[in-house]
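Worksheet: the structure to be examined is printed underneath.
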Amino acid sequence: MNSADLLQENLNEKKCVAPALKWPAAFFSYIFHPVFIPLYVILFLVYVHPSYFSGFSAAAKKQTIAIVSLNLIFFPLISVLLLRAVGFIDSIFLRTRKDRIIPYMACGIFFFWAYTVFHKQEVYPTIMATFILGIFFASSLGLLANIYFKVSMHAMGMGGLLGVFWLVIKSNTMLMTWPFALAIFITGIVCTARFIISDHTQKEIYTGLFIGFICQVAAGFVS
């Protein structure tokens, strides 16, 4: 038995002997579900970053959040519920690779539409369109990876969070020490939670992190 197999075996044992960790792991998995990550990022850009939305009125800021919530949260969630209702997927939790195919494709459409909206509206800061383009790249790459293994969507979401914060760091528009440190901390908690309560392997979680991060960086280069 090699070291990777031994580590995975130890991880599986921990899942069995530490039931007290399951409820906080489930809590963080729901709070930081990948569908909610765009909202958290936009809230940060709108209300925490000192300059990106400095010229926007309170109503305009709320409208921005509403647009993001509608296209990146509401429509994807409704799509999954409808797919389950008509029997195209077995579970809304998308536990199998088969269940993830159509949601990946549907969400990709919503993500690209949202990118087009923010890209065409020059009043919005470039980081908005860049971030959403990175999400579209990640969902597309996740769909391709899904052919071979069930990449962790939670890890992709956290990788995207780290990636967009990295782009803000590179822009030199804000001191990002505490936000980036907090993002790393949350990423560690969420990925650990997925190790505890999901059937994901190390490969699937680490690949998800890489996809989420690198797609944001790629979007920064092409924007």
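Ligands are numbered from 1 in the order shown, residues from 1 within each chain, and chains are lettered A, B, ... in the order they appear in the structure tokens.
Shell of segment 182-198 of chain A at 8 Å, with only C-alpha atoms counted and residues fewer than 4 places along the chain excluded, is Leu11, Lys14, Lys15, Leu21, Lys22, Pro24, Ala25, Ala26, Phe28, Ser29, Phe32, His154, Ala155, Met158, Gly159, Leu161, Leu162, Trp178, Gln202 and Ile205 of chain A.
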Same residues, N, CA and C atoms, output as an mmCIF file, in the first residue's frame:
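result.cif written:
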```cif
data_model
loop_
_atom_site.group_PDB
_atom_site.id
_atom_site.type_symbol
_atom_site.label_atom_id
_atom_site.label_comp_id
_atom_site.auth_asym_id
_atom_site.auth_seq_id
_atom_site.Cartn_x
_atom_site.Cartn_y
_atom_site.Cartn_z
ATOM 1 N N LEU A 11 -8.190 8.667 6.270
ATOM 2 C CA LEU A 11 -9.264 9.645 6.143
ATOM 3 C C LEU A 11 -10.627 8.979 6.270
ATOM 4 N N LYS A 14 -11.376 8.255 9.826
ATOM 5 C CA LYS A 14 -11.762 9.450 10.573
ATOM 6 C C LYS A 14 -13.233 9.776 10.342
ATOM 7 N N LYS A 15 -13.716 9.511 9.125
ATOM 8 C CA LYS A 15 -15.114 9.769 8.845
ATOM 9 C C LYS A 15 -16.015 8.904 9.733
ATOM 10 N N LEU A 21 -18.093 15.651 14.279
ATOM 11 C CA LEU A 21 -17.630 16.649 13.317
ATOM 12 C C LEU A 21 -18.569 16.780 12.122
ATOM 13 N N LYS A 22 -19.516 15.869 12.009
ATOM 14 C CA LYS A 22 -20.341 15.855 10.801
ATOM 15 C C LYS A 22 -21.294 17.037 10.734
ATOM 16 N N PRO A 24 -21.021 20.201 12.116
ATOM 17 C CA PRO A 24 -20.379 21.453 11.691
ATOM 18 C C PRO A 24 -19.872 21.383 10.252
ATOM 19 N N ALA A 25 -19.448 20.185 9.817
ATOM 20 C CA ALA A 25 -19.010 20.030 8.425
ATOM 21 C C ALA A 25 -20.176 20.272 7.476
ATOM 22 N N ALA A 26 -21.349 19.756 7.826
ATOM 23 C CA ALA A 26 -22.536 19.987 6.996
ATOM 24 C C ALA A 26 -22.929 21.452 7.012
ATOM 25 N N PHE A 28 -20.999 24.172 7.420
ATOM 26 C CA PHE A 28 -20.110 24.969 6.572
ATOM 27 C C PHE A 28 -20.278 24.619 5.099
ATOM 28 N N SER A 29 -20.632 23.357 4.816
ATOM 29 C CA SER A 29 -20.863 22.969 3.422
ATOM 30 C C SER A 29 -22.079 23.678 2.841
ATOM 31 N N PHE A 32 -21.286 27.738 2.757
ATOM 32 C CA PHE A 32 -20.349 28.076 1.678
ATOM 33 C C PHE A 32 -20.544 27.151 0.486
ATOM 34 N N HIS A 154 -17.671 22.267 -4.374
ATOM 35 C CA HIS A 154 -17.346 23.130 -3.244
ATOM 36 C C HIS A 154 -15.914 23.643 -3.355
ATOM 37 N N ALA A 155 -15.007 22.748 -3.700
ATOM 38 C CA ALA A 155 -13.604 23.154 -3.840
ATOM 39 C C ALA A 155 -13.430 24.122 -5.004
ATOM 40 N N MET A 158 -14.460 27.534 -3.751
ATOM 41 C CA MET A 158 -13.460 28.141 -2.884
ATOM 42 C C MET A 158 -12.213 28.538 -3.665
ATOM 43 N N GLY A 159 -11.862 27.749 -4.672
ATOM 44 C CA GLY A 159 -10.755 28.127 -5.540
ATOM 45 C C GLY A 159 -11.055 29.413 -6.290
ATOM 46 N N LEU A 161 -13.020 31.788 -5.176
ATOM 47 C CA LEU A 161 -12.917 32.862 -4.177
ATOM 48 C C LEU A 161 -11.470 33.307 -4.005
ATOM 49 N N LEU A 162 -10.573 32.337 -3.873
ATOM 50 C CA LEU A 162 -9.150 32.671 -3.748
ATOM 51 C C LEU A 162 -8.647 33.353 -5.015
ATOM 52 N N TRP A 178 -6.096 40.916 5.262
ATOM 53 C CA TRP A 178 -7.089 40.189 6.062
ATOM 54 C C TRP A 178 -8.139 39.487 5.204
ATOM 55 N N GLN A 202 -9.120 12.918 -2.437
ATOM 56 C CA GLN A 202 -8.199 14.052 -2.412
ATOM 57 C C GLN A 202 -8.022 14.641 -3.817
ATOM 58 N N ILE A 205 -10.958 16.929 -4.764
ATOM 59 C CA ILE A 205 -11.004 18.200 -4.040
ATOM 60 C C ILE A 205 -9.863 19.111 -4.477
#
```
Practice prompt. Would you kindly return, as a list of chain:residue names, each protein, DNA or RNA residue with an atom no farther than 12 Å from any atom of Ile78 of chain A, considering only C-alpha atoms and excluding same-chain residues fewer than 6 positions away?
Written response: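 Listing them by chain and then by number gives A:Val35, A:Leu70, A:Asn71, A:Leu72, A:Arg84, A:Ala85, A:Ile92, A:Pro103, A:Ala106, A:Cys107, A:Phe110.
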inquiry  = I need the alpha helix (DSSP H) residues of segment 7-213 of chain A per DSSP on the backbone, written as a VMD selection string.
reply    = chain A and resid 7 to 17 22 to 31 37 to 43 58 to 69 75 to 85 97 to 120 126 to 145 153 to 171 177 to 197 202 to 213
Handout entry: Atomic distance atom CA of Phe88 of chain A - atom CA of Tyr148 of chain A, expressed in Å with one decimal
Key =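 One can read the atom CA of Phe88 of chain A to atom CA of Tyr148 of chain A distance as 20.4 Å.
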